$ cat work09.tsv   # TSV, C-alpha atoms
chain	number	residue	atom	x	y	z
M	1	MET	CA	-54.54	-49.33	27.14
M	2	SER	CA	-53.33	-47.82	30.40
M	3	VAL	CA	-52.69	-50.11	33.36
M	4	THR	CA	-51.92	-49.42	37.00
M	5	PRO	CA	-49.34	-52.09	37.95
M	6	ASN	CA	-49.23	-53.89	41.28
M	7	THR	CA	-46.36	-56.33	41.72
M	8	ASP	CA	-47.60	-57.78	45.04
M	9	ARG	CA	-50.43	-59.80	43.44
M	10	PRO	CA	-49.50	-60.32	39.79
M	11	GLU	CA	-52.19	-62.96	39.31
M	12	LEU	CA	-54.88	-60.45	40.28
M	13	GLN	CA	-53.43	-57.73	38.08
M	14	LYS	CA	-53.34	-60.18	35.17
M	15	ALA	CA	-56.99	-61.09	35.78
M	16	ILE	CA	-58.23	-57.50	35.70
M	17	GLU	CA	-56.12	-56.64	32.65
M	18	GLU	CA	-57.83	-59.50	30.83
M	19	ILE	CA	-61.23	-58.19	31.92
M	20	ALA	CA	-60.42	-54.65	30.76
M	21	ALA	CA	-59.27	-56.03	27.41
M	22	ALA	CA	-62.69	-57.63	26.79
M	23	GLU	CA	-65.00	-55.70	24.51
M	24	ALA	CA	-67.68	-55.06	27.14
M	25	TRP	CA	-65.58	-52.99	29.55
M	26	ALA	CA	-63.74	-49.69	29.46
M	27	GLY	CA	-62.29	-49.72	32.97
M	28	VAL	CA	-62.00	-51.98	36.02
M	29	LEU	CA	-61.30	-51.28	39.71
M	30	VAL	CA	-60.73	-54.15	42.15
M	31	ARG	CA	-60.01	-54.24	45.87
M	32	VAL	CA	-59.19	-57.44	47.77
M	33	ASN	CA	-58.87	-57.74	51.53
M	34	ASP	CA	-57.70	-61.06	52.95
M	35	GLU	CA	-55.06	-62.63	55.21
M	36	ARG	CA	-52.36	-61.17	52.96
M	37	GLY	CA	-53.59	-57.63	53.54
M	38	GLU	CA	-55.20	-55.21	51.12
M	39	TRP	CA	-54.63	-55.13	47.38
M	40	THR	CA	-56.01	-52.63	44.88
M	41	GLY	CA	-55.73	-52.71	41.13
M	42	ALA	CA	-57.00	-50.79	38.14
M	43	ALA	CA	-56.96	-51.47	34.43
M	44	GLY	CA	-58.43	-50.04	31.27
M	45	VAL	CA	-59.25	-46.38	30.84
M	46	ARG	CA	-61.06	-43.76	32.88
M	47	LYS	CA	-62.71	-42.30	29.78
M	48	LEU	CA	-63.05	-43.51	26.21
M	49	GLY	CA	-60.61	-41.78	23.90
M	50	GLU	CA	-58.13	-41.12	26.71
M	51	SER	CA	-55.26	-43.18	28.10
M	52	ALA	CA	-55.47	-42.53	31.85
M	53	ALA	CA	-56.49	-45.51	33.99
M	54	PRO	CA	-59.38	-45.23	36.45
M	55	GLN	CA	-58.35	-44.19	39.97
M	56	ALA	CA	-58.38	-46.80	42.72
M	57	ASP	CA	-60.35	-44.54	45.07
M	58	GLY	CA	-62.87	-43.56	42.39
M	59	HIS	CA	-66.62	-43.29	43.01
M	60	PHE	CA	-69.07	-45.38	41.02
M	61	ARG	CA	-72.75	-46.31	40.88
M	62	ILE	CA	-73.29	-49.55	42.80
M	63	GLY	CA	-76.71	-50.52	41.43
M	64	SER	CA	-78.45	-53.26	43.39
M	65	ASN	CA	-75.69	-53.48	45.98
M	66	THR	CA	-77.88	-50.69	47.39
M	67	LYS	CA	-80.39	-53.38	48.37
M	68	THR	CA	-78.00	-54.81	50.96
M	69	PHE	CA	-77.60	-51.37	52.55
M	70	THR	CA	-81.38	-50.91	52.54
M	71	ALA	CA	-81.98	-54.37	54.01
M	72	THR	CA	-79.41	-53.80	56.75
M	73	LEU	CA	-81.06	-50.52	57.70
M	74	VAL	CA	-84.49	-52.18	57.87
M	75	LEU	CA	-83.13	-55.05	59.97
M	76	GLN	CA	-81.56	-52.58	62.41
M	77	LEU	CA	-85.03	-51.11	62.90
M	78	VAL	CA	-86.31	-54.66	63.44
M	79	ALA	CA	-83.60	-55.18	66.06
M	80	ASP	CA	-84.73	-51.98	67.79
M	81	GLY	CA	-88.33	-53.21	67.88
M	82	ARG	CA	-89.50	-50.41	65.56
M	83	ILE	CA	-90.54	-52.85	62.80
M	84	SER	CA	-91.72	-56.46	62.96
M	85	LEU	CA	-90.09	-58.71	60.38
M	86	ASP	CA	-93.29	-60.68	59.92
M	87	GLY	CA	-95.57	-57.72	60.49
M	88	THR	CA	-98.04	-56.46	57.91
M	89	VAL	CA	-96.61	-53.67	55.75
M	90	ASP	CA	-100.08	-52.19	55.25
M	91	ASP	CA	-100.18	-51.30	58.96
M	92	HIS	CA	-97.43	-48.75	58.31
M	93	LEU	CA	-98.33	-47.71	54.76
M	94	PRO	CA	-102.14	-47.88	54.57
M	95	GLU	CA	-102.27	-45.21	51.86
M	96	TYR	CA	-101.14	-47.72	49.23
M	97	GLY	CA	-103.83	-50.33	49.78
M	98	LEU	CA	-101.35	-53.21	49.88
M	99	ASP	CA	-102.46	-56.81	50.20
M	100	ARG	CA	-102.51	-57.32	53.96
M	101	ARG	CA	-100.73	-60.63	53.62
M	102	ILE	CA	-97.54	-58.84	52.51
M	103	THR	CA	-94.95	-58.71	55.32
M	104	VAL	CA	-91.65	-56.89	55.73
M	105	ARG	CA	-89.85	-60.20	55.26
M	106	MET	CA	-91.57	-60.71	51.91
M	107	LEU	CA	-90.37	-57.32	50.68
M	108	LEU	CA	-86.81	-58.06	51.79
M	109	GLN	CA	-86.80	-61.51	50.15
M	110	HIS	CA	-88.81	-60.71	47.00
M	111	THR	CA	-91.68	-63.03	47.83
M	112	SER	CA	-94.42	-60.36	47.91
M	113	GLY	CA	-95.54	-61.07	44.34
M	114	LEU	CA	-95.71	-57.36	43.54
M	115	PHE	CA	-95.17	-56.26	39.94
M	116	ASN	CA	-91.64	-55.09	39.21
M	117	PHE	CA	-91.88	-51.46	38.05
M	118	THR	CA	-88.91	-51.98	35.71
M	119	GLY	CA	-90.89	-54.69	33.90
M	120	GLU	CA	-91.68	-58.36	34.23
M	121	TYR	CA	-90.15	-61.18	32.21
M	122	TYR	CA	-92.24	-64.35	32.32
M	123	GLU	CA	-91.17	-67.96	31.87
M	124	ASP	CA	-93.11	-68.24	28.60
M	125	GLY	CA	-91.07	-65.42	27.08
M	126	THR	CA	-93.70	-62.70	27.36
M	127	ILE	CA	-92.75	-59.30	28.75
M	128	ALA	CA	-94.89	-56.82	30.69
M	129	PRO	CA	-93.20	-53.42	30.24
M	130	GLY	CA	-92.46	-51.14	33.14
M	131	ILE	CA	-91.19	-47.58	33.29
M	132	ASP	CA	-88.81	-46.35	30.58
M	133	TRP	CA	-85.42	-47.68	31.67
M	134	GLN	CA	-83.89	-48.91	28.41
M	135	GLY	CA	-83.14	-47.63	24.92
M	136	GLN	CA	-83.87	-44.21	23.52
M	137	GLU	CA	-86.77	-43.78	25.94
M	138	TRP	CA	-84.41	-43.97	28.93
M	139	VAL	CA	-81.82	-41.70	27.30
M	140	ASP	CA	-84.54	-39.12	26.65
M	141	LYS	CA	-85.35	-39.22	30.39
M	142	LEU	CA	-81.75	-39.27	31.61
M	143	LEU	CA	-82.38	-36.31	33.93
M	144	HIS	CA	-86.05	-37.05	34.69
M	145	THR	CA	-87.06	-37.25	38.36
M	146	TYR	CA	-89.31	-40.02	39.64
M	147	ARG	CA	-90.80	-39.90	43.11
M	148	PRO	CA	-90.66	-43.22	45.03
M	149	GLU	CA	-94.43	-43.01	45.58
M	150	GLU	CA	-94.86	-42.74	41.81
M	151	LEU	CA	-92.85	-45.91	41.21
M	152	VAL	CA	-94.84	-47.84	43.81
M	153	ARG	CA	-98.22	-46.69	42.51
M	154	PHE	CA	-97.18	-47.59	38.96
M	155	ALA	CA	-96.40	-51.14	40.13
M	156	LEU	CA	-99.56	-51.48	42.22
M	157	ALA	CA	-101.69	-50.57	39.21
M	158	LYS	CA	-100.42	-53.77	37.53
M	159	PRO	CA	-101.54	-57.34	38.29
M	160	ALA	CA	-99.51	-59.09	40.99
M	161	ARG	CA	-97.20	-61.83	39.74
M	162	PHE	CA	-98.38	-64.33	42.37
M	163	GLU	CA	-100.10	-64.56	45.76
M	164	PRO	CA	-97.94	-63.14	48.59
M	165	GLY	CA	-95.49	-65.66	50.00
M	166	THR	CA	-96.20	-68.41	47.44
M	167	ASP	CA	-93.25	-67.90	45.09
M	168	TRP	CA	-90.09	-65.83	44.47
M	169	SER	CA	-89.53	-63.09	41.89
M	170	TYR	CA	-87.05	-60.22	41.95
M	171	ALA	CA	-88.88	-56.89	42.05
M	172	ASN	CA	-87.35	-53.46	42.61
M	173	THR	CA	-90.79	-52.39	43.87
M	174	ASN	CA	-90.13	-54.24	47.13
M	175	TYR	CA	-87.15	-52.08	48.01
M	176	VAL	CA	-88.79	-48.79	47.13
M	177	LEU	CA	-91.60	-49.79	49.51
M	178	LEU	CA	-88.96	-50.52	52.15
M	179	ARG	CA	-87.62	-47.00	51.69
M	180	LEU	CA	-91.11	-45.58	52.27
M	181	LEU	CA	-91.52	-47.87	55.29
M	182	VAL	CA	-88.27	-46.63	56.83
M	183	GLU	CA	-89.29	-43.01	56.31
M	184	LYS	CA	-92.69	-43.61	57.92
M	185	VAL	CA	-91.24	-45.41	60.95
M	186	ALA	CA	-88.22	-43.12	61.40
M	187	GLY	CA	-90.15	-39.94	60.72
M	188	ARG	CA	-87.42	-38.48	58.53
M	189	PRO	CA	-85.92	-38.88	55.04
M	190	PHE	CA	-84.43	-42.24	54.14
M	191	ALA	CA	-81.04	-40.69	53.34
M	192	GLU	CA	-80.81	-39.15	56.82
M	193	GLU	CA	-81.62	-42.45	58.52
M	194	MET	CA	-79.05	-44.27	56.38
M	195	GLN	CA	-76.43	-41.62	57.10
M	196	GLU	CA	-76.89	-41.73	60.87
M	197	ARG	CA	-77.23	-45.49	61.28
M	198	LEU	CA	-74.72	-46.83	58.75
M	199	LEU	CA	-72.63	-44.37	56.77
M	200	THR	CA	-71.38	-42.15	59.59
M	201	PRO	CA	-70.69	-44.91	62.16
M	202	LEU	CA	-68.72	-46.89	59.59
M	203	GLY	CA	-66.87	-43.83	58.28
M	204	LEU	CA	-68.16	-44.34	54.74
M	205	THR	CA	-67.17	-40.89	53.50
M	206	GLY	CA	-67.22	-41.97	49.85
M	207	THR	CA	-70.77	-43.34	49.91
M	208	PHE	CA	-73.77	-41.24	48.93
M	209	LEU	CA	-77.50	-41.45	48.40
M	210	PRO	CA	-77.87	-39.08	45.45
M	211	GLU	CA	-81.68	-38.89	45.49
M	212	ALA	CA	-82.45	-37.11	42.18
M	213	SER	CA	-79.01	-35.57	41.64
M	214	PRO	CA	-77.28	-36.69	38.43
M	215	GLU	CA	-73.84	-35.78	39.78
M	216	ILE	CA	-71.13	-38.20	40.90
M	217	ALA	CA	-68.26	-37.00	43.07
M	218	GLU	CA	-64.71	-36.83	41.74
M	219	PRO	CA	-62.69	-38.83	41.14
M	220	HIS	CA	-64.73	-41.15	38.95
M	221	ALA	CA	-64.55	-43.00	35.69
M	222	HIS	CA	-67.11	-42.57	32.90
M	223	GLY	CA	-69.87	-45.03	32.15
M	224	TYR	CA	-71.34	-45.54	28.69
M	225	TYR	CA	-74.64	-46.87	27.44
M	226	THR	CA	-74.65	-48.47	23.99
M	227	TYR	CA	-78.04	-49.33	22.59
M	228	GLN	CA	-79.86	-49.95	19.35
M	229	ASP	CA	-82.34	-47.32	18.19
M	230	GLY	CA	-84.07	-48.85	15.19
M	231	GLU	CA	-81.27	-49.92	12.86
M	232	GLU	CA	-78.77	-47.51	14.40
M	233	TRP	CA	-76.40	-48.23	17.28
M	234	LYS	CA	-75.70	-45.31	19.61
M	235	THR	CA	-73.30	-44.76	22.51
M	236	VAL	CA	-74.06	-42.16	25.17
M	237	ASP	CA	-71.94	-41.05	28.11
M	238	VAL	CA	-74.34	-41.67	31.01
M	239	THR	CA	-72.02	-40.64	33.83
M	240	ARG	CA	-74.43	-37.84	34.68
M	241	ALA	CA	-77.77	-39.58	35.14
M	242	ASN	CA	-80.68	-39.05	37.51
M	243	PRO	CA	-80.93	-42.33	39.49
M	244	SER	CA	-84.37	-41.64	40.97
M	245	TRP	CA	-85.88	-44.17	38.54
M	246	ILE	CA	-84.45	-46.96	40.72
M	247	SER	CA	-84.51	-45.25	44.15
M	248	ALA	CA	-83.52	-47.37	47.20
M	249	ALA	CA	-83.41	-50.46	44.99
M	250	GLY	CA	-80.20	-49.31	43.29
M	251	ASP	CA	-79.34	-45.61	43.41
M	252	MET	CA	-76.30	-45.42	45.71
M	253	ILE	CA	-72.76	-44.28	44.87
M	254	SER	CA	-69.74	-45.72	46.67
M	255	THR	CA	-66.08	-46.80	46.40
M	256	THR	CA	-64.42	-50.21	46.57
M	257	LYS	CA	-63.00	-49.26	49.98
M	258	ASP	CA	-66.38	-48.30	51.43
M	259	LEU	CA	-68.05	-51.43	50.04
M	260	HIS	CA	-65.37	-53.52	51.71
M	261	THR	CA	-65.78	-51.71	55.03
M	262	PHE	CA	-69.57	-52.10	54.98
M	263	PHE	CA	-69.73	-55.72	53.83
M	264	SER	CA	-66.94	-56.91	56.12
M	265	ALA	CA	-68.66	-55.26	59.09
M	266	LEU	CA	-71.99	-56.81	58.14
M	267	MET	CA	-70.62	-60.32	57.65
M	268	SER	CA	-68.54	-60.23	60.85
M	269	GLY	CA	-71.63	-59.43	62.94
M	270	GLU	CA	-70.89	-55.80	63.76
M	271	LEU	CA	-74.11	-54.36	62.32
M	272	LEU	CA	-76.85	-56.84	63.27
M	273	PRO	CA	-77.61	-59.27	66.10
M	274	ALA	CA	-76.53	-62.81	65.25
M	275	GLU	CA	-80.12	-64.05	65.00
M	276	LEU	CA	-81.06	-61.41	62.42
M	277	LEU	CA	-77.84	-61.88	60.47
M	278	GLY	CA	-78.67	-65.58	60.36
M	279	GLN	CA	-82.09	-64.83	58.88
M	280	MET	CA	-80.53	-62.42	56.40
M	281	ARG	CA	-78.29	-65.27	55.24
M	282	ASP	CA	-81.10	-67.84	55.00
M	283	PRO	CA	-81.82	-68.27	51.26
M	284	HIS	CA	-85.12	-68.91	49.54
M	285	THR	CA	-85.42	-72.40	48.07
M	286	LYS	CA	-86.18	-71.20	44.52
M	287	PHE	CA	-83.36	-68.69	44.27
M	288	ALA	CA	-80.55	-68.38	46.81
M	289	TYR	CA	-81.72	-64.99	48.04
M	290	GLY	CA	-81.89	-64.21	51.73
M	291	LEU	CA	-82.97	-60.82	53.07
M	292	GLY	CA	-81.19	-58.39	50.74
M	293	LEU	CA	-78.36	-60.85	50.31
M	294	ILE	CA	-77.44	-63.58	47.82
M	295	VAL	CA	-75.93	-66.85	49.03
M	296	GLN	CA	-73.60	-68.24	46.37
M	297	GLU	CA	-72.25	-71.76	46.59
M	298	THR	CA	-68.92	-72.02	44.75
M	299	GLU	CA	-66.18	-74.60	44.46
M	300	HIS	CA	-64.31	-72.41	46.94
M	301	GLY	CA	-67.08	-72.58	49.55
M	302	THR	CA	-70.09	-70.45	50.48
M	303	LEU	CA	-69.84	-66.77	49.60
M	304	TYR	CA	-72.21	-63.90	50.34
M	305	THR	CA	-72.87	-61.23	47.74
M	306	HIS	CA	-75.28	-58.82	46.12
M	307	ASN	CA	-73.89	-57.47	42.90
M	308	GLY	CA	-75.31	-54.52	41.04
M	309	GLY	CA	-75.74	-53.05	37.61
M	310	PHE	CA	-76.68	-49.56	36.46
M	311	TRP	CA	-76.47	-48.56	32.82
M	312	GLY	CA	-72.80	-47.73	32.30
M	313	TRP	CA	-71.68	-49.47	35.49
M	314	GLY	CA	-71.30	-52.82	37.18
M	315	ALA	CA	-70.41	-53.43	40.83
M	316	LEU	CA	-69.22	-56.53	42.70
M	317	MET	CA	-69.34	-57.16	46.45
M	318	TYR	CA	-68.33	-60.59	47.80
M	319	SER	CA	-67.36	-61.84	51.24
M	320	SER	CA	-66.40	-65.01	53.02
M	321	PRO	CA	-68.83	-65.94	55.84
M	322	ASP	CA	-66.60	-64.37	58.51
M	323	GLY	CA	-66.03	-61.11	56.61
M	324	LYS	CA	-62.26	-61.60	56.60
M	325	THR	CA	-61.92	-62.02	52.86
M	326	THR	CA	-63.73	-59.57	50.61
M	327	LEU	CA	-63.75	-58.70	46.94
M	328	THR	CA	-65.21	-55.36	45.83
M	329	ALA	CA	-65.03	-54.06	42.30
M	330	SER	CA	-66.35	-51.57	39.77
M	331	LEU	CA	-66.64	-51.97	36.03
M	332	THR	CA	-67.49	-49.27	33.53
M	333	SER	CA	-68.98	-50.29	30.23
M	334	SER	CA	-67.49	-49.52	26.84
M	335	ASP	CA	-69.04	-48.72	23.48
M	336	ALA	CA	-69.37	-52.40	22.54
M	337	ARG	CA	-72.58	-53.24	20.69
M	338	LEU	CA	-74.05	-55.65	23.22
M	339	ASP	CA	-77.70	-56.13	24.12
M	340	LEU	CA	-78.92	-56.68	27.69
M	341	ALA	CA	-78.47	-60.45	27.57
M	342	LYS	CA	-74.91	-60.25	26.23
M	343	THR	CA	-74.00	-57.58	28.78
M	344	ALA	CA	-75.30	-59.82	31.57
M	345	GLU	CA	-73.30	-62.73	30.17
M	346	ALA	CA	-70.13	-60.62	30.13
M	347	PHE	CA	-70.79	-59.54	33.72
M	348	THR	CA	-71.20	-63.17	34.80
M	349	LYS	CA	-67.84	-64.07	33.25
M	350	VAL	CA	-66.17	-61.28	35.22
M	351	GLN	CA	-67.70	-62.56	38.44
M	352	GLY	CA	-66.42	-66.08	37.85
M	353	ALA	CA	-62.92	-64.95	36.93
M	354	LEU	CA	-62.53	-62.74	39.98
M	355	ILE	CA	-64.06	-65.27	42.39
M	356	ASP	CA	-61.55	-67.88	41.22
M	357	ALA	CA	-58.65	-65.43	41.45
M	358	VAL	CA	-59.53	-64.20	44.96
M	359	PHE	CA	-61.26	-67.04	46.80
M	360	GLY	CA	-59.51	-69.87	45.01
M	361	ALA	CA	-56.06	-68.68	46.05

$ encode --input "work09.tsv" --output "structure tokens"
Amino acid sequence: MSVTPNTDRPELQKAIEEIAAAEAWAGVLVRVNDERGEWTGAAGVRKLGESAAPQADGHFRIGSNTKTFTATLVLQLVADGRISLDGTVDDHLPEYGLDRRITVRMLLQHTSGLFNFTGEYYEDGTIAPGIDWQGQEWVDKLLHTYRPEELVRFALAKPARFEPGTDWSYANTNYVLLRLLVEKVAGRPFAEEMQERLLTPLGLTGTFLPEASPEIAEPHAHGYYTYQDGEEWKTVDVTRANPSWISAAGDMISTTKDLHTFFSALMSGELLPAELLGQMRDPHTKFAYGLGLIVQETEHGTLYTHNGGFWGWGALMYSSPDGKTTLTASLTSSDARLDLAKTAEAFTKVQGALIDAVFGA
């Protein structure tokens, strides 16, 4: 296994080498910014069957970290008076026939009750399937293009999970609706609004909204999807994949450096007025989710985060409340025969190990 050494923070290098040695992961990239400066490390391999380590400045799919970018963009429009946080979404998007009780805040905080177009998992163990996003069905549609309107209408054709504002349930549908809301209010494509308001001002030259493009800019590692098709296990290189199936809920590409720059600026108050940042950080009582942001209480204090997963990839983004200490990371999956639950468990272990190594120092 190839390793990029870094003698300045041997405890961090040791931690990521242990992660890369676990069966779930092929490669790991980590960036830490704190009072000791900036540290970057890499371990594992860029591509299965090769020995080269992933590059520290590599691009990767950030999954649901995208939601924090989307939420920040929406809240900037709220700050400008273009959108009302507690305003009715149907006033802007009447073509979808939304329940008029659904507000912008409910979409941001996942309290709308709308069906999740990637499927619903109920407390009694039953599952209501969504679009094809797992198994052979997803692999067969690896380059298929979904329109955001198509995803929303698919979800709206299903029964709502609960009455608006009465409960909490994570639904990607909420953030695709927020994309459509931004486009309606701004009068231009979502990607253009994001570029002008966030990416360009922050100098995020390694961050992209790929829309329906399956490409990922060099340099990058390779991500793999291992799944069970009947009795047979298969591994597919899913580096080239059309991310339109998740849209503004998880389609962005970035780097550990850009994630640090964005999240540090957000947490330090550079991107939103203090009052709106405070509401963004105010968690729901059922699950510690604010407005596009997760509040995580740890033995090292309160941390803010919104991690992400995309078949083949995992992404971490953590910050102290003042934005002065951040942890950003990318993981690429291996060919280990793990189901969704075991993959999630492995991801949780990585989070805990890195939080302890960075914020427990």

$ closest_residue --input "work09.tsv" --among "M:Leu108, M:Ala274, M:Ala353, M:Ala212" --to "M:Leu142" --atoms "all atoms listed in the file"
M:Ala212

$ closest_residue --input "work09.tsv" --among "M:Asn33, M:Ser254, M:Asp91, M:Val295" --to "M:Phe208" --atoms "all atoms listed in the file"
M:Ser254

$ atom_distance --input "work09.tsv" --atom1 "atom CA of M:Ala191" --atom2 "atom CA of M:Lys141"
23.4 Å

$ closest_residue --input "work09.tsv" --among "M:Ala336, M:Leu143, M:Leu107, M:Val185" --to "M:Leu48" --atoms "only C-alpha atoms"
M:Ala336

$ closest_residue --input "work09.tsv" --among "M:His144, M:His300, M:Lys67, M:His284" --to "M:Ser319" --atoms "only C-alpha atoms"
M:His300

$ atom_distance --input "work09.tsv" --atom1 "atom CA of M:Trp313" --atom2 "atom CA of M:Asp229"
20.4 Å

$ closest_residue --input "work09.tsv" --among "M:Ser264, M:Thr256, M:Thr326, M:Thr200" --to "M:Gly314" --atoms "all atoms listed in the file"
M:Thr256

$ closest_residue --input "work09.tsv" --among "M:Lys257, M:Gly323, M:Tyr318, M:Gly130" --to "M:Gly41" --atoms "all atoms listed in the file"
M:Lys257

$ atom_distance --input "work09.tsv" --atom1 "atom CA of M:His220" --atom2 "atom CA of M:Thr255"
9.4 Å

$ residues_around --input "work09.tsv" --residues "M:Ile131" --least-positions-apart "4" --cutoff "10 Å" --atoms "only C-alpha atoms" --output "PyMOL selection string"
chain M and resi 116-119+137-138+151+154-155+245

$ residues_around --input "work09.tsv" --residues "M:Arg179" --least-positions-apart "5" --cutoff "9 Å" --atoms "only C-alpha atoms" --output "list in words"
Thr70, Val74, Pro148, Asn174, Lys184, Pro189, Phe190, Ser247, Ala248 and Ala249 of chain M

$ residues_near_point --input "work09.tsv" --point "(-79.0, -47.0, 59.3)" --cutoff "9 Å" --atoms "all atoms listed in the file" --output "number ranges by chain"
M: 69-70, 72-74, 76-77, 190-199

$ residues_around --input "work09.tsv" --residues "stretch 80-84 of chain M" --least-positions-apart "6" --cutoff "12 Å" --atoms "all atoms listed in the file" --output "list in words"
Leu73, Val74, Asp91, His92, Thr103, Val104, Arg105, Met106, Leu178, Leu181, Val182, Glu183, Lys184, Val185, Ala186, Gly187, Arg197, Leu272, Pro273 and Leu276 of chain M

$ write_last_selection --input "work09.tsv" --atoms "C-alpha atoms" --output "short mmCIF file (atom, residue, chain, number, x, y, z; two decimals), in the frame of the given file"
data_model
loop_
_atom_site.label_atom_id
_atom_site.label_comp_id
_atom_site.auth_asym_id
_atom_site.auth_seq_id
_atom_site.Cartn_x
_atom_site.Cartn_y
_atom_site.Cartn_z
CA LEU M 73 -81.06 -50.52 57.70
CA VAL M 74 -84.49 -52.18 57.87
CA ASP M 91 -100.18 -51.30 58.96
CA HIS M 92 -97.43 -48.75 58.31
CA THR M 103 -94.95 -58.71 55.32
CA VAL M 104 -91.65 -56.89 55.73
CA ARG M 105 -89.85 -60.20 55.26
CA MET M 106 -91.57 -60.71 51.91
CA LEU M 178 -88.96 -50.52 52.15
CA LEU M 181 -91.52 -47.87 55.29
CA VAL M 182 -88.27 -46.63 56.83
CA GLU M 183 -89.29 -43.01 56.31
CA LYS M 184 -92.69 -43.61 57.92
CA VAL M 185 -91.24 -45.41 60.95
CA ALA M 186 -88.22 -43.12 61.40
CA GLY M 187 -90.15 -39.94 60.72
CA ARG M 197 -77.23 -45.49 61.28
CA LEU M 272 -76.85 -56.84 63.27
CA PRO M 273 -77.61 -59.27 66.10
CA LEU M 276 -81.06 -61.41 62.42
#

$ residues_around --input "work09.tsv" --residues "M:Asp8" --least-positions-apart "4" --cutoff "12 Å" --atoms "only C-alpha atoms" --output "list in words"
Leu12, Gln13, Lys14, Val32, Arg36, Gly37, Glu38, Trp39, Thr40 and Gly41 of chain M

$ decode --input "work09.tsv" --residues "stretch 76-88 of chain M" --atoms "N, CA and C atoms" --output "compact mmCIF listing (two decimals), in the first residue's frame"
# COMPACT_ATOMS: atom_id res chain seq x y z
N GLN M 76 -28.63 33.21 1.62
CA GLN M 76 -28.17 34.49 1.09
C GLN M 76 -29.31 35.22 0.38
N LEU M 77 -30.15 34.47 -0.32
CA LEU M 77 -31.31 35.07 -0.97
C LEU M 77 -32.32 35.54 0.08
N VAL M 78 -32.41 34.82 1.20
CA VAL M 78 -33.25 35.27 2.31
C VAL M 78 -32.70 36.59 2.86
N ALA M 79 -31.39 36.65 3.04
CA ALA M 79 -30.75 37.88 3.55
C ALA M 79 -30.99 39.07 2.64
N ASP M 80 -31.09 38.80 1.34
CA ASP M 80 -31.32 39.86 0.36
C ASP M 80 -32.80 40.24 0.25
N GLY M 81 -33.66 39.53 0.97
CA GLY M 81 -35.09 39.81 0.89
C GLY M 81 -35.76 39.22 -0.33
N ARG M 82 -35.07 38.33 -1.05
CA ARG M 82 -35.65 37.72 -2.26
C ARG M 82 -36.56 36.55 -1.92
N ILE M 83 -36.28 35.90 -0.78
CA ILE M 83 -37.04 34.75 -0.31
C ILE M 83 -37.35 34.96 1.16
N SER M 84 -38.53 34.54 1.59
CA SER M 84 -38.88 34.57 3.01
C SER M 84 -38.68 33.18 3.60
N LEU M 85 -37.93 33.11 4.70
CA LEU M 85 -37.62 31.82 5.30
C LEU M 85 -38.89 31.07 5.72
N ASP M 86 -39.88 31.79 6.18
CA ASP M 86 -41.12 31.15 6.59
C ASP M 86 -42.25 31.41 5.59
N GLY M 87 -41.85 31.74 4.37
CA GLY M 87 -42.82 31.95 3.31
C GLY M 87 -43.25 30.63 2.68
N THR M 88 -44.38 30.64 2.03
CA THR M 88 -44.94 29.46 1.39
C THR M 88 -44.22 29.16 0.08
